[in-house]
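Student: I am attaching a structure below and will ask some questions about it afterwards.
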Amino acid sequence: MSAGSSSWLPRRRASGRKALLATLMLLAAVASAFPLVWMVLSSLKTPAESMQVPPVWIPHTPSLEAYEKFRVSSMSAARCGTPL
């Protein structure tokens, strides 16, 4: 091997390490975001969909009913002066 042909080897290793690091960071970001995404999607499910086995990933009929119940209960608690 000549001196000119081996000069690309360290750069290739460095770019391979960067690609591996980027892949690991992407996997960590997806793993960290998964619970938040699951929580939001579960809040949009009907009670039947949220208890279904195997789980439903995306709700068939998204519903804001849980948020409406929370809003109503928090408003009535605020009127009564009771903490939630």
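Residue numbers start at 1 in each chain; chains themselves are named A, B, ... in the order of the structure tokens; ligands are numbered from 1 in the order shown.
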Please report, as JSON lines, each residue of segment 7-48 of chain A lying at most 7 Å from segment 56-77 of chain A, together with the nearest pair of atoms and the separation in Å rounded to one decimal; use only C-alpha atoms, and order rows by chain and ascending residue number.
Tutor:
{"residue": "A:Leu41", "atom": "CA", "partner": "A:Ile58", "partner_atom": "CA", "distance": 6.6}
{"residue": "A:Ser43", "atom": "CA", "partner": "A:Ala66", "partner_atom": "CA", "distance": 6.7}
{"residue": "A:Leu44", "atom": "CA", "partner": "A:Ser63", "partner_atom": "CA", "distance": 4.9}
{"residue": "A:Lys45", "atom": "CA", "partner": "A:Pro59", "partner_atom": "CA", "distance": 5.2}
{"residue": "A:Thr46", "atom": "CA", "partner": "A:Ser63", "partner_atom": "CA", "distance": 6.5}
Student: Distance atom CA of Val53 of chain A-atom CA of Met39 of chain A, one decimal place?
Tutor: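 According to the coordinates, atom CA of Val53 of chain A and atom CA of Met39 of chain A are separated by 16.8 Å.
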Student: Hey, can you check how far atom CA of Gln52 of chain A sits from atom CA of Ala33 of chain A?
Tutor: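 If I compute the distance from atom CA of Gln52 of chain A to atom CA of Ala33 of chain A, I get 22.6 Å.
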Student: Report, in Å to a single decimal, how far apart atom CA of Leu20 of chain A and atom CA of Pro35 of chain A are.
Tutor: 24.1 Å
